$ cat query_30.cif   # mmCIF, C-alpha atoms
data_run
#
loop_
_atom_site.label_atom_id
_atom_site.label_comp_id
_atom_site.auth_asym_id
_atom_site.auth_seq_id
_atom_site.Cartn_x
_atom_site.Cartn_y
_atom_site.Cartn_z
CA MET A 1 103.57 25.37 162.47
CA ARG A 2 103.74 29.06 163.29
CA SER A 3 107.06 30.81 163.73
CA HIS A 4 107.72 31.83 167.34
CA PHE A 5 109.60 34.89 166.10
CA ARG A 6 106.65 36.07 164.01
CA GLU A 7 104.20 35.26 166.80
CA TYR A 8 106.08 36.76 169.74
CA GLY A 9 109.40 38.28 168.65
CA LEU A 10 108.15 40.65 165.95
CA PRO A 11 105.39 42.15 168.12
CA LEU A 12 107.89 42.67 170.97
CA ILE A 13 110.50 44.29 168.69
CA LEU A 14 107.88 46.62 167.18
CA LEU A 15 106.56 47.45 170.65
CA GLY A 16 110.09 48.18 171.91
CA ALA A 17 110.79 50.49 168.97
CA SER A 18 107.44 52.23 169.51
CA VAL A 19 108.22 52.73 173.19
CA ILE A 20 111.41 54.54 172.19
CA THR A 21 109.77 56.72 169.51
CA THR A 22 106.70 57.64 171.58
CA THR A 23 108.80 58.38 174.66
CA ALA A 24 111.11 60.63 172.64
CA ASN A 25 108.18 62.56 171.17
CA GLY A 26 106.45 62.64 174.55
CA ALA A 27 109.59 64.08 176.17
CA ARG A 28 109.58 66.94 173.66
CA PHE A 29 105.87 67.56 174.26
CA MET A 30 106.45 67.50 178.02
CA GLN A 31 109.26 70.04 177.73
CA ASN A 32 106.90 72.39 175.88
CA PHE A 33 104.22 71.73 178.52
CA ALA A 34 106.68 72.62 181.30
CA GLU A 35 107.37 75.90 179.48
CA GLY A 36 103.62 76.66 179.25
CA LEU A 37 103.50 75.95 175.51
CA PRO A 38 101.25 73.70 173.39
CA PRO A 39 102.81 70.32 172.49
CA VAL A 40 103.82 71.37 168.97
CA VAL A 41 104.70 75.03 168.40
CA ARG A 42 107.81 74.74 166.21
CA ASP A 43 108.63 72.51 163.27
CA SER A 44 111.49 71.08 165.34
CA ASP A 45 108.93 69.76 167.85
CA LEU A 46 107.84 67.27 165.18
CA TRP A 47 111.35 65.78 165.05
CA PRO A 48 112.62 65.54 168.66
CA TRP A 49 115.82 63.61 167.98
CA GLY A 50 118.24 66.56 167.77
CA TRP A 51 116.80 68.13 170.92
CA LEU A 52 116.90 64.77 172.69
CA SER A 53 120.55 64.18 171.77
CA ASP A 54 121.33 67.51 173.48
CA HIS A 55 119.12 66.68 176.51
CA PRO A 56 119.19 62.86 176.96
CA GLU A 57 118.21 63.22 180.62
CA MET A 58 114.79 64.46 179.44
CA PHE A 59 113.92 61.13 177.78
CA LYS A 60 112.29 59.84 180.98
CA THR A 61 109.81 62.72 181.00
CA GLY A 62 108.08 61.16 177.99
CA TRP A 63 106.87 58.09 179.92
CA PRO A 64 103.39 59.45 180.78
CA PHE A 65 102.75 60.12 177.08
CA THR A 66 104.01 56.67 176.10
CA LEU A 67 102.02 54.85 178.75
CA SER A 68 98.77 56.59 177.88
CA LEU A 69 99.11 56.45 174.08
CA LEU A 70 100.43 52.91 173.83
CA GLY A 71 98.03 51.81 176.56
CA ILE A 72 95.05 53.06 174.55
CA LEU A 73 96.37 51.49 171.34
CA LEU A 74 97.12 48.14 172.96
CA ILE A 75 93.81 47.98 174.81
CA HIS A 76 92.02 48.69 171.52
CA GLU A 77 93.93 45.99 169.63
CA PHE A 78 93.61 43.47 172.46
CA GLY A 79 89.84 44.04 172.31
CA HIS A 80 89.97 42.74 168.73
CA TYR A 81 92.47 40.01 169.66
CA PHE A 82 90.47 38.58 172.56
CA ALA A 83 87.28 38.63 170.49
CA CYS A 84 89.18 36.62 167.87
CA ARG A 85 90.33 34.16 170.52
CA TRP A 86 86.78 33.85 171.87
CA HIS A 87 85.47 32.96 168.41
CA LYS A 88 88.46 30.70 167.62
CA VAL A 89 89.73 33.00 164.88
CA ARG A 90 93.53 32.97 164.49
CA ALA A 91 95.10 36.40 164.94
CA THR A 92 98.53 37.78 165.73
CA LEU A 93 99.32 39.66 168.88
CA PRO A 94 99.09 43.43 168.30
CA TRP A 95 101.84 44.98 166.22
CA VAL A 96 102.48 48.56 167.33
CA LEU A 97 104.07 50.41 164.42
CA PRO A 98 106.80 52.91 165.37
CA ALA A 99 107.11 56.31 163.69
CA PRO A 100 109.95 58.79 164.24
CA THR A 101 107.74 61.88 164.30
CA LEU A 102 104.50 63.47 165.57
CA SER A 103 103.12 60.93 168.07
CA GLY A 104 105.89 58.33 167.77
CA THR A 105 103.60 55.64 166.36
CA ALA A 106 101.75 54.94 163.15
CA GLY A 107 99.12 52.97 165.07
CA ALA A 108 98.65 49.30 165.82
CA ILE A 109 97.20 46.32 164.00
CA ILE A 110 96.46 42.65 164.41
CA ARG A 111 96.57 40.24 161.49
CA ILE A 112 93.66 37.82 161.19
CA SER A 113 94.79 34.68 159.38
CA ASN A 114 91.59 32.73 158.81
CA ARG A 115 87.97 33.44 157.92
CA ILE A 116 85.64 34.88 160.51
CA PRO A 117 83.00 32.14 160.87
CA ASN A 118 79.75 34.11 161.10
CA ARG A 119 78.14 37.52 161.41
CA ASN A 120 78.08 37.48 165.22
CA ALA A 121 81.82 36.79 165.33
CA LEU A 122 82.44 39.55 162.79
CA MET A 123 80.46 42.03 164.90
CA ASP A 124 82.27 41.01 168.09
CA VAL A 125 85.74 41.21 166.51
CA GLY A 126 84.88 44.55 164.94
CA ILE A 127 83.29 46.26 167.94
CA TYR A 128 85.34 45.05 170.92
CA GLY A 129 88.45 46.98 169.81
CA PRO A 130 86.76 50.38 169.60
CA LEU A 131 84.77 49.78 172.80
CA ALA A 132 87.88 48.83 174.77
CA GLY A 133 89.90 51.68 173.23
CA TYR A 134 87.14 54.18 173.96
CA ALA A 135 86.99 53.13 177.62
CA ALA A 136 90.78 53.46 177.87
CA SER A 137 90.77 56.88 176.19
CA VAL A 138 88.03 58.17 178.51
CA ALA A 139 90.13 57.05 181.50
CA ALA A 140 93.21 58.80 180.04
CA LEU A 141 91.14 61.92 179.35
CA ALA A 142 89.85 62.01 182.92
CA VAL A 143 93.39 61.69 184.30
CA GLY A 144 94.57 64.43 181.93
CA PHE A 145 91.81 66.78 183.06
CA ALA A 146 92.46 65.95 186.71
CA LEU A 147 96.12 66.93 186.29
CA SER A 148 95.50 69.98 184.10
CA TYR A 149 95.90 73.62 184.98
CA HIS A 150 95.37 76.94 183.20
CA ALA A 151 97.72 77.68 180.30
CA PRO A 152 99.33 81.12 180.25
CA ALA A 153 97.26 83.66 178.31
CA ASN A 154 100.24 84.62 176.16
CA ALA A 155 101.15 81.07 175.03
CA PRO A 156 101.79 80.82 171.27
CA ALA A 157 99.35 78.94 169.06
CA ALA A 158 100.01 75.29 168.29
CA ILE A 159 101.02 74.46 164.72
CA VAL A 160 99.18 71.13 164.87
CA ARG A 161 95.62 70.98 166.15
CA PHE A 162 93.07 68.23 165.97
CA GLY A 163 89.75 69.28 166.53
CA GLY A 164 86.30 70.17 166.90
CA GLU A 165 84.61 69.63 170.18
CA PRO A 166 84.00 65.93 170.82
CA LEU A 167 81.03 65.25 173.09
CA THR A 168 83.04 62.89 175.30
CA ILE A 169 85.51 65.66 176.17
CA HIS A 170 82.67 67.92 177.28
CA LEU A 171 80.97 65.14 179.28
CA VAL A 172 84.14 64.08 181.11
CA HIS A 173 85.05 67.71 181.83
CA ALA A 174 81.53 68.49 183.11
CA LEU A 175 81.60 65.41 185.36
CA LEU A 176 85.00 66.33 186.80
CA SER A 177 83.88 69.95 187.23
CA GLN A 178 81.03 68.74 189.45
CA TRP A 179 83.60 67.25 191.84
CA ASP A 180 86.04 70.15 191.55
CA PRO A 181 84.48 73.49 190.56
CA ALA A 182 87.96 75.07 190.43
CA ARG A 183 88.79 72.87 187.43
CA PRO A 184 90.16 74.98 184.55
CA ARG A 185 87.50 75.98 182.05
CA LEU A 186 87.38 73.90 178.88
CA THR A 187 88.39 75.93 175.84
CA ILE A 188 88.75 74.23 172.49
CA SER A 189 89.43 76.36 169.46
CA ARG A 190 87.09 75.98 166.50
CA ARG A 191 89.98 76.61 164.13
CA THR A 192 91.51 73.39 162.89
CA ARG A 193 94.90 73.05 161.30
CA CYS A 194 96.49 69.75 160.57
#
$ encode --input "query_30.cif" --output "C-alpha cells"
Amino acid sequence: MRSHFREYGLPLILLGASVITTTANGARFMQNFAEGLPPVVRDSDLWPWGWLSDHPEMFKTGWPFTLSLLGILLIHEFGHYFACRWHKVRATLPWVLPAPTLSGTAGAIIRISNRIPNRNALMDVGIYGPLAGYAASVAALAVGFALSYHAPANAPAAIVRFGGEPLTIHLVHALLSQWDPARPRLTISRRTRC
C-alpha cells in the first residue's frame, strides 16, 4: 500500500516551495528587465530574498517566470510520467525541487519504482519527456520573442550567461520575423560565462 502523503502530499509541498522560490527569483529578474538590465547583473540578483523583503509588492511580478519555467519542467516530467502509465510502469508524480537562488529550482524528477518491461517501453519513457519539454520550451520561446523589445545599448553585461546559439532560437526568431519584420534583431553573444 502506497502512502498518500508520499504519492500526493510530497509532490504538492515541493511544488509549492518551488513556486515561491521561482517567483521570488523571477520578480528580481523582472525588476532588472523593467530597468533595461539583463536578468543577473549583480551578485545580489542571485539571492533575491533581501531585495524582496524590502519590496514585497514586487513578488507578483515573478509569475510569468514561474509559469513558464515550472510549466516547461512539469510538461517534461509528465511526458515521462504518462509514458510510464501507458506501459504500466509505476512512477511518482513529478517532484519539483526548490532552490533559493539562480532560477529558483534545482529541476524536477519522477521516481520509477519497478522495472521497465521492454526496450520499446524504455524508449517511450525516455523520449516523451524531452519531446514534451522541447515543445513547451519552443512555445515559451515564441511568446518571449513576441513580447521582446530592443535592450538599451548602454545596458551592463550580465554576470551569468548561458550560451552559444541554439538552432531552435534562430528558427523561432526567423519564423516570427517573417510575420513581424520590425521584430528586434537576434543578438546572442559568443562569450560564455557561467
$ resolve_selection --input "query_30.cif" --expression "the PyMOL selection byres ((chain A and resi 137-147) around 7)" --output "mmCIF file with C-alpha atoms, in the coordinates of the input"
data_model
loop_
_atom_site.group_PDB
_atom_site.id
_atom_site.type_symbol
_atom_site.label_atom_id
_atom_site.label_comp_id
_atom_site.auth_asym_id
_atom_site.auth_seq_id
_atom_site.Cartn_x
_atom_site.Cartn_y
_atom_site.Cartn_z
ATOM 1 C CA SER A 68 98.770 56.590 177.880
ATOM 2 C CA ILE A 72 95.050 53.060 174.550
ATOM 3 C CA GLY A 133 89.900 51.680 173.230
ATOM 4 C CA TYR A 134 87.140 54.180 173.960
ATOM 5 C CA ALA A 135 86.990 53.130 177.620
ATOM 6 C CA ALA A 136 90.780 53.460 177.870
ATOM 7 C CA SER A 148 95.500 69.980 184.100
ATOM 8 C CA TYR A 149 95.900 73.620 184.980
ATOM 9 C CA VAL A 172 84.140 64.080 181.110
ATOM 10 C CA HIS A 173 85.050 67.710 181.830
#
$ atom_distance --input "query_30.cif" --atom1 "atom CA of A:His76" --atom2 "atom CA of A:Gly129"
4.3 Å
$ resolve_selection --input "query_30.cif" --expression "the PyMOL selection byres ((chain A and resi 88) around 12)" --output "MDAnalysis selection string"
chainID A and resid 81:87 89:91 112:118 121:122 125
$ residues_around --input "query_30.cif" --residues "A:Ser18" --least-positions-apart "2" --cutoff "8 Å" --atoms "all atoms listed in the file" --output "list in words"
Leu14, Leu15, Gly16, Ile20, Thr21, Thr22, Val96, Leu97, Pro98, Ala99, Gly104 and Thr105 of chain A
$ write_last_selection --input "query_30.cif" --atoms "C-alpha atoms" --output "short mmCIF file (atom, residue, chain, number, x, y, z; two decimals), in the frame of the given file"
data_model
loop_
_atom_site.label_atom_id
_atom_site.label_comp_id
_atom_site.auth_asym_id
_atom_site.auth_seq_id
_atom_site.Cartn_x
_atom_site.Cartn_y
_atom_site.Cartn_z
CA LEU A 14 107.88 46.62 167.18
CA LEU A 15 106.56 47.45 170.65
CA GLY A 16 110.09 48.18 171.91
CA ILE A 20 111.41 54.54 172.19
CA THR A 21 109.77 56.72 169.51
CA THR A 22 106.70 57.64 171.58
CA VAL A 96 102.48 48.56 167.33
CA LEU A 97 104.07 50.41 164.42
CA PRO A 98 106.80 52.91 165.37
CA ALA A 99 107.11 56.31 163.69
CA GLY A 104 105.89 58.33 167.77
CA THR A 105 103.60 55.64 166.36
#
$ residues_around --input "query_30.cif" --residues "A:Ala24" --least-positions-apart "5" --cutoff "9 Å" --atoms "all atoms listed in the file" --output "list of chain:residue names"
A:Val19, A:Phe29, A:Pro48, A:Trp49, A:Leu52, A:Met58, A:Phe59, A:Lys60, A:Thr61, A:Gly62, A:Trp63, A:Thr66, A:Pro100, A:Gly104
$ build_atoms --input "query_30.cif" --residues "stretch 111-122 of chain A" --atoms "all heavy atoms" --output "CSV table (one decimal), keeping the file's coordinate frame"
chain,number,residue,atom,x,y,z
A,111,ARG,N,96.8,40.9,162.8
A,111,ARG,CA,96.6,40.2,161.5
A,111,ARG,C,95.7,39.0,161.7
A,111,ARG,O,96.1,38.1,162.5
A,111,ARG,CB,97.9,39.9,160.9
A,111,ARG,CG,97.8,39.2,159.5
A,111,ARG,CD,99.1,39.0,158.9
A,111,ARG,NE,99.0,38.3,157.7
A,111,ARG,CZ,99.2,37.0,157.5
A,111,ARG,NH1,99.7,36.3,158.5
A,111,ARG,NH2,99.1,36.5,156.3
A,112,ILE,N,94.6,39.0,161.1
A,112,ILE,CA,93.7,37.8,161.2
A,112,ILE,C,94.0,36.9,160.1
A,112,ILE,O,94.0,37.3,158.9
A,112,ILE,CB,92.2,38.3,161.1
A,112,ILE,CG1,91.9,39.2,162.3
A,112,ILE,CG2,91.2,37.1,161.1
A,112,ILE,CD1,90.5,39.8,162.3
A,113,SER,N,94.3,35.6,160.4
A,113,SER,CA,94.8,34.7,159.4
A,113,SER,C,93.8,33.6,158.9
A,113,SER,O,94.2,32.7,158.2
A,113,SER,CB,96.1,34.0,159.9
A,113,SER,OG,95.9,33.4,161.1
A,114,ASN,N,92.6,33.6,159.4
A,114,ASN,CA,91.6,32.7,158.8
A,114,ASN,C,90.2,33.4,158.7
A,114,ASN,O,90.1,34.6,159.2
A,114,ASN,CB,91.5,31.4,159.6
A,114,ASN,CG,91.0,31.6,161.0
A,114,ASN,OD1,91.4,32.5,161.7
A,114,ASN,ND2,90.2,30.6,161.5
A,115,ARG,N,89.3,32.8,158.1
A,115,ARG,CA,88.0,33.4,157.9
A,115,ARG,C,87.2,33.6,159.3
A,115,ARG,O,87.3,32.7,160.1
A,115,ARG,CB,87.1,32.6,157.0
A,115,ARG,CG,87.6,32.6,155.6
A,115,ARG,CD,86.7,32.0,154.6
A,115,ARG,NE,85.5,32.9,154.6
A,115,ARG,CZ,84.4,32.6,154.0
A,115,ARG,NH1,84.2,31.4,153.4
A,115,ARG,NH2,83.4,33.4,154.0
A,116,ILE,N,86.5,34.7,159.3
A,116,ILE,CA,85.6,34.9,160.5
A,116,ILE,C,84.4,34.1,160.2
A,116,ILE,O,83.8,34.2,159.2
A,116,ILE,CB,85.4,36.4,160.7
A,116,ILE,CG1,86.7,37.1,161.0
A,116,ILE,CG2,84.4,36.6,161.8
A,116,ILE,CD1,86.6,38.6,161.2
A,117,PRO,N,84.0,33.2,161.2
A,117,PRO,CA,83.0,32.1,160.9
A,117,PRO,C,81.6,32.6,160.6
A,117,PRO,O,80.8,32.0,159.9
A,117,PRO,CB,83.1,31.2,162.1
A,117,PRO,CG,83.6,32.0,163.2
A,117,PRO,CD,84.5,33.0,162.5
A,118,ASN,N,81.2,33.7,161.3
A,118,ASN,CA,79.8,34.1,161.1
A,118,ASN,C,79.6,35.6,161.4
A,118,ASN,O,80.6,36.3,161.8
A,118,ASN,CB,78.8,33.3,162.0
A,118,ASN,CG,79.2,33.3,163.5
A,118,ASN,OD1,79.4,34.4,164.0
A,118,ASN,ND2,79.4,32.1,164.1
A,119,ARG,N,78.4,36.1,161.2
A,119,ARG,CA,78.1,37.5,161.4
A,119,ARG,C,78.3,38.0,162.9
A,119,ARG,O,78.8,39.0,163.1
A,119,ARG,CB,76.7,37.8,161.0
A,119,ARG,CG,76.5,39.2,160.5
A,119,ARG,CD,75.1,39.5,160.0
A,119,ARG,NE,75.0,38.8,158.7
A,119,ARG,CZ,73.9,38.8,158.0
A,119,ARG,NH1,72.8,39.4,158.4
A,119,ARG,NH2,73.9,38.3,156.8
A,120,ASN,N,77.9,37.1,163.8
A,120,ASN,CA,78.1,37.5,165.2
A,120,ASN,C,79.6,37.6,165.6
A,120,ASN,O,80.0,38.6,166.3
A,120,ASN,CB,77.4,36.4,166.1
A,120,ASN,CG,75.9,36.5,166.1
A,120,ASN,OD1,75.4,37.6,165.8
A,120,ASN,ND2,75.3,35.4,166.5
A,121,ALA,N,80.4,36.7,165.1
A,121,ALA,CA,81.8,36.8,165.3
A,121,ALA,C,82.4,38.0,164.7
A,121,ALA,O,83.2,38.7,165.3
A,121,ALA,CB,82.5,35.5,164.8
A,122,LEU,N,82.0,38.4,163.5
A,122,LEU,CA,82.4,39.6,162.8
A,122,LEU,C,82.1,40.8,163.6
A,122,LEU,O,82.9,41.7,163.8
A,122,LEU,CB,81.8,39.6,161.4
A,122,LEU,CG,82.2,40.9,160.6
A,122,LEU,CD1,83.7,40.9,160.3
A,122,LEU,CD2,81.4,40.9,159.3
